[in-house]
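Structure, as structure tokens:
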Amino acid sequence: MTDKDRILIIDDDNLMAQLVNLYLAKAGFEVFVAHSGREGLQEVDQHHPDLIVLDITMPEMDGWEVCSRIRQIDDIPIIMLTARGQESDKARGLKMGANDYMLKPFSLRELEARIGAVLRGSRLSAPSTGHLLHADEELVSDSDKLEVDVPGSRLPILS
């Protein structure tokens with residue numbers, strides 16, 4: 001198992017995907033590439049990436065559908081990387097659950113920086129998503145409520 005962050009690039013533009021792949025691999029990420037939405041969903045299931053870089057305009061299944069399907073099952077951070085620059089497209093992407101939205105053409109250095117920022121942000125918020133810390137017949141602890149339940153009483157974790 002590797003300690004590198006796993007990045008999945010979903011883009012039907014082979015040249016663009018390979019360029020981003022090479023740059024991010026050199027920057028220390030483990031990178032996977034999918035060239036269609038369907039292939040991207042398979043890669044999500046197989047590799048469980050830490051972050052997805054997602055194009056919108058693809059044949060078969062576009063990025064909107066891919067984002068929607070991913071959000072139904074997981075909260076993997078998504079950066080939309082697309083030529084679609086209308087304000088309505090940006091708003092739609094962010095409302096659908098994308099963590100960031102970048103326009104093509106783009107800077108590889110800026111993409112790397114945004115990936116780092118989104119990963120840091122997702123790690124800071126991660127503890128609040130998995131609220132049940134422990135449960136058995138004697139004790140239940142819940143980090144969201146900051147409580148511990150023991151038979152007959154509920155105690156605050158912090159007082």
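Lettering and numbering for the structure tokens are positional, with chains as A, B, ... in the shown order, residues counted from 1 in each chain, and ligands counted from 1 in the shown order.
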
Interface rows for stretch 63-137 of chain A against stretch 41-59 of chain A: nearest pair, Å to one decimal, 8 Å, only C-alpha atoms, as JSON lines:
```
{"residue": "A:Gly63", "atom": "CA", "partner": "A:Ile56", "partner_atom": "CA", "distance": 3.8}
{"residue": "A:Trp64", "atom": "CA", "partner": "A:Ile56", "partner_atom": "CA", "distance": 6.1}
{"residue": "A:Val66", "atom": "CA", "partner": "A:Leu41", "partner_atom": "CA", "distance": 7.1}
{"residue": "A:Ile70", "atom": "CA", "partner": "A:Leu41", "partner_atom": "CA", "distance": 7.5}
{"residue": "A:Ile76", "atom": "CA", "partner": "A:Leu51", "partner_atom": "CA", "distance": 5.8}
{"residue": "A:Pro77", "atom": "CA", "partner": "A:Leu51", "partner_atom": "CA", "distance": 4.9}
{"residue": "A:Ile78", "atom": "CA", "partner": "A:Ile52", "partner_atom": "CA", "distance": 4.7}
{"residue": "A:Ile79", "atom": "CA", "partner": "A:Val53", "partner_atom": "CA", "distance": 4.9}
{"residue": "A:Met80", "atom": "CA", "partner": "A:Leu54", "partner_atom": "CA", "distance": 4.7}
{"residue": "A:Leu81", "atom": "CA", "partner": "A:Asp55", "partner_atom": "CA", "distance": 5.1}
{"residue": "A:Thr82", "atom": "CA", "partner": "A:Asp55", "partner_atom": "CA", "distance": 5.1}
{"residue": "A:Arg84", "atom": "CA", "partner": "A:Ile56", "partner_atom": "CA", "distance": 7.7}
{"residue": "A:Ile115", "atom": "CA", "partner": "A:Leu51", "partner_atom": "CA", "distance": 7.6}
{"residue": "A:Leu119", "atom": "CA", "partner": "A:Leu51", "partner_atom": "CA", "distance": 7.2}
```

Given the selection you just returned, output its residues as a file containing C-alpha atoms, formatted as a short mmCIF file (atom, residue, chain, number, x, y, z; two decimals), in the first residue's frame.
```cif
data_model
loop_
_atom_site.label_atom_id
_atom_site.label_comp_id
_atom_site.auth_asym_id
_atom_site.auth_seq_id
_atom_site.Cartn_x
_atom_site.Cartn_y
_atom_site.Cartn_z
CA GLY A 63 -19.35 14.73 -16.27
CA TRP A 64 -22.65 15.94 -14.84
CA VAL A 66 -20.65 11.03 -13.36
CA ILE A 70 -20.49 9.54 -7.42
CA ILE A 76 -14.77 11.84 -2.77
CA PRO A 77 -13.55 15.38 -3.54
CA ILE A 78 -14.15 16.38 -7.17
CA ILE A 79 -12.50 19.14 -9.16
CA MET A 80 -14.28 19.82 -12.44
CA LEU A 81 -11.75 20.69 -15.15
CA THR A 82 -13.60 21.81 -18.25
CA ARG A 84 -17.45 25.07 -20.08
CA ILE A 115 -5.75 19.54 -5.55
CA LEU A 119 -7.39 17.41 -0.13
#
```

Show me, as a ChimeraX atom specification, the residues that have an atom within 12 Å of A:Gln18 when counting only C-alpha atoms, minus same-chain residues fewer than 5 positions from it. /A:8-13,23-25,31-35

Residues from last step as file, N, CA and C atoms, as a short mmCIF file (atom, residue, chain, number, x, y, z; two decimals), in the first residue's frame:
```cif
data_model
loop_
_atom_site.label_atom_id
_atom_site.label_comp_id
_atom_site.auth_asym_id
_atom_site.auth_seq_id
_atom_site.Cartn_x
_atom_site.Cartn_y
_atom_site.Cartn_z
N LEU A 8 -7.75 10.38 -9.58
CA LEU A 8 -8.36 9.82 -10.79
C LEU A 8 -8.69 10.96 -11.73
N ILE A 9 -8.19 10.87 -12.96
CA ILE A 9 -8.49 11.85 -14.00
C ILE A 9 -9.51 11.20 -14.92
N ILE A 10 -10.66 11.86 -15.10
CA ILE A 10 -11.68 11.36 -16.03
C ILE A 10 -11.84 12.42 -17.11
N ASP A 11 -11.27 12.13 -18.29
CA ASP A 11 -11.28 13.08 -19.41
C ASP A 11 -11.12 12.30 -20.70
N ASP A 12 -11.97 12.56 -21.67
CA ASP A 12 -11.89 11.84 -22.94
C ASP A 12 -10.79 12.35 -23.85
N ASP A 13 -10.18 13.47 -23.51
CA ASP A 13 -9.05 14.01 -24.30
C ASP A 13 -7.78 13.30 -23.82
N TYR A 23 2.36 15.10 -15.05
CA TYR A 23 2.68 16.18 -14.14
C TYR A 23 2.38 15.79 -12.69
N LEU A 24 1.20 15.23 -12.46
CA LEU A 24 0.82 14.87 -11.09
C LEU A 24 1.65 13.70 -10.56
N ALA A 25 1.98 12.76 -11.42
CA ALA A 25 2.84 11.64 -10.99
C ALA A 25 4.20 12.17 -10.57
N VAL A 31 -1.58 8.25 -9.87
CA VAL A 31 -2.59 8.75 -10.80
C VAL A 31 -3.18 7.61 -11.61
N PHE A 32 -4.50 7.65 -11.77
CA PHE A 32 -5.24 6.73 -12.63
C PHE A 32 -5.99 7.56 -13.65
N VAL A 33 -6.18 7.02 -14.84
CA VAL A 33 -6.84 7.77 -15.92
C VAL A 33 -7.99 6.95 -16.48
N ALA A 34 -9.11 7.60 -16.71
CA ALA A 34 -10.26 7.01 -17.39
C ALA A 34 -10.65 7.96 -18.52
N HIS A 35 -11.04 7.40 -19.66
CA HIS A 35 -11.35 8.23 -20.83
C HIS A 35 -12.84 8.33 -21.14
#
```

Just to confirm, what's the straight-line distance from atom CA of A:Phe29 to atom CA of A:Glu112 in Å (one decimal)? 9.8 Å

In Å, with one decimal, what is the gap from atom CA of A:Lys26 to atom CA of A:Asp75?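 Answer for the atom CA of A:Lys26 to atom CA of A:Asp75 separation: 26.2 Å.
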
Can you list, as a PDB file with N, CA and C atoms, in the first residue's frame, all residues belonging to stretch 23-106 of chain A that DSSP tags as alpha helix (DSSP H)?
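The resulting file, part-v8.pdb, is shown below:
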```pdb
ATOM      1  N   TYR A  23       2.359  15.095 -15.053  1.00  0.00           N
ATOM      2  CA  TYR A  23       2.682  16.181 -14.138  1.00  0.00           C
ATOM      3  C   TYR A  23       2.385  15.786 -12.685  1.00  0.00           C
ATOM      4  N   LEU A  24       1.201  15.231 -12.458  1.00  0.00           N
ATOM      5  CA  LEU A  24       0.823  14.875 -11.086  1.00  0.00           C
ATOM      6  C   LEU A  24       1.648  13.705 -10.556  1.00  0.00           C
ATOM      7  N   ALA A  25       1.982  12.755 -11.422  1.00  0.00           N
ATOM      8  CA  ALA A  25       2.838  11.642 -10.988  1.00  0.00           C
ATOM      9  C   ALA A  25       4.201  12.168 -10.571  1.00  0.00           C
ATOM     10  N   LYS A  26       4.735  13.108 -11.339  1.00  0.00           N
ATOM     11  CA  LYS A  26       6.027  13.705 -10.991  1.00  0.00           C
ATOM     12  C   LYS A  26       5.934  14.501  -9.686  1.00  0.00           C
ATOM     13  N   GLY A  37     -16.977   8.439 -18.915  1.00  0.00           N
ATOM     14  CA  GLY A  37     -17.663   8.448 -17.635  1.00  0.00           C
ATOM     15  C   GLY A  37     -17.846   7.058 -17.064  1.00  0.00           C
ATOM     16  N   ARG A  38     -18.225   6.126 -17.911  1.00  0.00           N
ATOM     17  CA  ARG A  38     -18.428   4.735 -17.447  1.00  0.00           C
ATOM     18  C   ARG A  38     -17.120   4.144 -16.927  1.00  0.00           C
ATOM     19  N   GLU A  39     -16.051   4.351 -17.666  1.00  0.00           N
ATOM     20  CA  GLU A  39     -14.740   3.862 -17.229  1.00  0.00           C
ATOM     21  C   GLU A  39     -14.330   4.541 -15.922  1.00  0.00           C
ATOM     22  N   GLY A  40     -14.655   5.818 -15.789  1.00  0.00           N
ATOM     23  CA  GLY A  40     -14.344   6.553 -14.571  1.00  0.00           C
ATOM     24  C   GLY A  40     -15.037   5.963 -13.353  1.00  0.00           C
ATOM     25  N   LEU A  41     -16.316   5.623 -13.496  1.00  0.00           N
ATOM     26  CA  LEU A  41     -17.045   5.012 -12.387  1.00  0.00           C
ATOM     27  C   LEU A  41     -16.447   3.662 -12.009  1.00  0.00           C
ATOM     28  N   GLN A  42     -15.993   2.903 -12.995  1.00  0.00           N
ATOM     29  CA  GLN A  42     -15.333   1.628 -12.718  1.00  0.00           C
ATOM     30  C   GLN A  42     -14.035   1.858 -11.947  1.00  0.00           C
ATOM     31  N   GLU A  43     -13.282   2.882 -12.344  1.00  0.00           N
ATOM     32  CA  GLU A  43     -12.019   3.205 -11.655  1.00  0.00           C
ATOM     33  C   GLU A  43     -12.273   3.661 -10.212  1.00  0.00           C
ATOM     34  N   VAL A  44     -13.355   4.399  -9.997  1.00  0.00           N
ATOM     35  CA  VAL A  44     -13.702   4.816  -8.634  1.00  0.00           C
ATOM     36  C   VAL A  44     -13.915   3.584  -7.773  1.00  0.00           C
ATOM     37  N   ASP A  45     -14.665   2.625  -8.302  1.00  0.00           N
ATOM     38  CA  ASP A  45     -14.943   1.399  -7.564  1.00  0.00           C
ATOM     39  C   ASP A  45     -13.683   0.569  -7.333  1.00  0.00           C
ATOM     40  N   GLN A  46     -12.821   0.522  -8.328  1.00  0.00           N
ATOM     41  CA  GLN A  46     -11.619  -0.322  -8.239  1.00  0.00           C
ATOM     42  C   GLN A  46     -10.504   0.302  -7.390  1.00  0.00           C
ATOM     43  N   HIS A  47     -10.256   1.604  -7.548  1.00  0.00           N
ATOM     44  CA  HIS A  47      -9.082   2.233  -6.927  1.00  0.00           C
ATOM     45  C   HIS A  47      -9.390   3.138  -5.736  1.00  0.00           C
ATOM     46  N   GLY A  63     -19.833  14.479 -17.620  1.00  0.00           N
ATOM     47  CA  GLY A  63     -19.346  14.729 -16.273  1.00  0.00           C
ATOM     48  C   GLY A  63     -20.439  15.054 -15.274  1.00  0.00           C
ATOM     49  N   TRP A  64     -21.542  15.660 -15.740  1.00  0.00           N
ATOM     50  CA  TRP A  64     -22.654  15.942 -14.839  1.00  0.00           C
ATOM     51  C   TRP A  64     -23.199  14.629 -14.263  1.00  0.00           C
ATOM     52  N   GLU A  65     -23.410  13.656 -15.156  1.00  0.00           N
ATOM     53  CA  GLU A  65     -23.945  12.366 -14.726  1.00  0.00           C
ATOM     54  C   GLU A  65     -22.951  11.633 -13.829  1.00  0.00           C
ATOM     55  N   VAL A  66     -21.677  11.683 -14.182  1.00  0.00           N
ATOM     56  CA  VAL A  66     -20.645  11.030 -13.364  1.00  0.00           C
ATOM     57  C   VAL A  66     -20.624  11.638 -11.964  1.00  0.00           C
ATOM     58  N   CYS A  67     -20.626  12.949 -11.886  1.00  0.00           N
ATOM     59  CA  CYS A  67     -20.623  13.635 -10.586  1.00  0.00           C
ATOM     60  C   CYS A  67     -21.849  13.234  -9.768  1.00  0.00           C
ATOM     61  N   SER A  68     -23.003  13.227 -10.400  1.00  0.00           N
ATOM     62  CA  SER A  68     -24.238  12.858  -9.719  1.00  0.00           C
ATOM     63  C   SER A  68     -24.180  11.434  -9.179  1.00  0.00           C
ATOM     64  N   ARG A  69     -23.688  10.505  -9.986  1.00  0.00           N
ATOM     65  CA  ARG A  69     -23.609   9.106  -9.546  1.00  0.00           C
ATOM     66  C   ARG A  69     -22.602   8.921  -8.412  1.00  0.00           C
ATOM     67  N   ILE A  70     -21.487   9.635  -8.500  1.00  0.00           N
ATOM     68  CA  ILE A  70     -20.490   9.535  -7.422  1.00  0.00           C
ATOM     69  C   ILE A  70     -21.078  10.086  -6.127  1.00  0.00           C
ATOM     70  N   ARG A  71     -21.780  11.211  -6.201  1.00  0.00           N
ATOM     71  CA  ARG A  71     -22.354  11.822  -5.002  1.00  0.00           C
ATOM     72  C   ARG A  71     -23.423  10.944  -4.355  1.00  0.00           C
ATOM     73  N   GLN A  72     -24.040  10.060  -5.125  1.00  0.00           N
ATOM     74  CA  GLN A  72     -25.030   9.144  -4.559  1.00  0.00           C
ATOM     75  C   GLN A  72     -24.388   8.103  -3.648  1.00  0.00           C
ATOM     76  N   ILE A  73     -23.094   7.821  -3.870  1.00  0.00           N
ATOM     77  CA  ILE A  73     -22.447   6.746  -3.119  1.00  0.00           C
ATOM     78  C   ILE A  73     -21.249   7.178  -2.283  1.00  0.00           C
ATOM     79  N   GLU A  87     -21.240  30.986 -16.281  1.00  0.00           N
ATOM     80  CA  GLU A  87     -21.535  31.077 -14.854  1.00  0.00           C
ATOM     81  C   GLU A  87     -22.522  29.995 -14.433  1.00  0.00           C
ATOM     82  N   SER A  88     -23.501  29.714 -15.291  1.00  0.00           N
ATOM     83  CA  SER A  88     -24.499  28.685 -14.969  1.00  0.00           C
ATOM     84  C   SER A  88     -23.861  27.307 -14.863  1.00  0.00           C
ATOM     85  N   ASP A  89     -22.844  27.018 -15.692  1.00  0.00           N
ATOM     86  CA  ASP A  89     -22.147  25.735 -15.617  1.00  0.00           C
ATOM     87  C   ASP A  89     -21.361  25.622 -14.316  1.00  0.00           C
ATOM     88  N   LYS A  90     -20.671  26.698 -13.961  1.00  0.00           N
ATOM     89  CA  LYS A  90     -19.904  26.694 -12.710  1.00  0.00           C
ATOM     90  C   LYS A  90     -20.821  26.482 -11.518  1.00  0.00           C
ATOM     91  N   ALA A  91     -21.927  27.216 -11.486  1.00  0.00           N
ATOM     92  CA  ALA A  91     -22.883  27.086 -10.383  1.00  0.00           C
ATOM     93  C   ALA A  91     -23.470  25.680 -10.347  1.00  0.00           C
ATOM     94  N   ARG A  92     -23.810  25.136 -11.502  1.00  0.00           N
ATOM     95  CA  ARG A  92     -24.367  23.780 -11.553  1.00  0.00           C
ATOM     96  C   ARG A  92     -23.375  22.756 -11.002  1.00  0.00           C
ATOM     97  N   GLY A  93     -22.116  22.860 -11.417  1.00  0.00           N
ATOM     98  CA  GLY A  93     -21.101  21.925 -10.948  1.00  0.00           C
ATOM     99  C   GLY A  93     -20.920  21.973  -9.445  1.00  0.00           C
ATOM    100  N   LEU A  94     -20.859  23.175  -8.901  1.00  0.00           N
ATOM    101  CA  LEU A  94     -20.674  23.321  -7.453  1.00  0.00           C
ATOM    102  C   LEU A  94     -21.918  22.866  -6.683  1.00  0.00           C
ATOM    103  N   LYS A  95     -23.100  23.147  -7.224  1.00  0.00           N
ATOM    104  CA  LYS A  95     -24.333  22.710  -6.574  1.00  0.00           C
ATOM    105  C   LYS A  95     -24.477  21.191  -6.617  1.00  0.00           C
ATOM    106  N   MET A  96     -23.930  20.560  -7.656  1.00  0.00           N
ATOM    107  CA  MET A  96     -24.018  19.101  -7.777  1.00  0.00           C
ATOM    108  C   MET A  96     -23.059  18.387  -6.834  1.00  0.00           C
TER     109      MET A  96
END
```

When you draw a straight line from atom CA of A:Leu108 to atom CA of A:Val20, how long is it in Å?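 One can read the atom CA of A:Leu108 to atom CA of A:Val20 distance as 7.1 Å.
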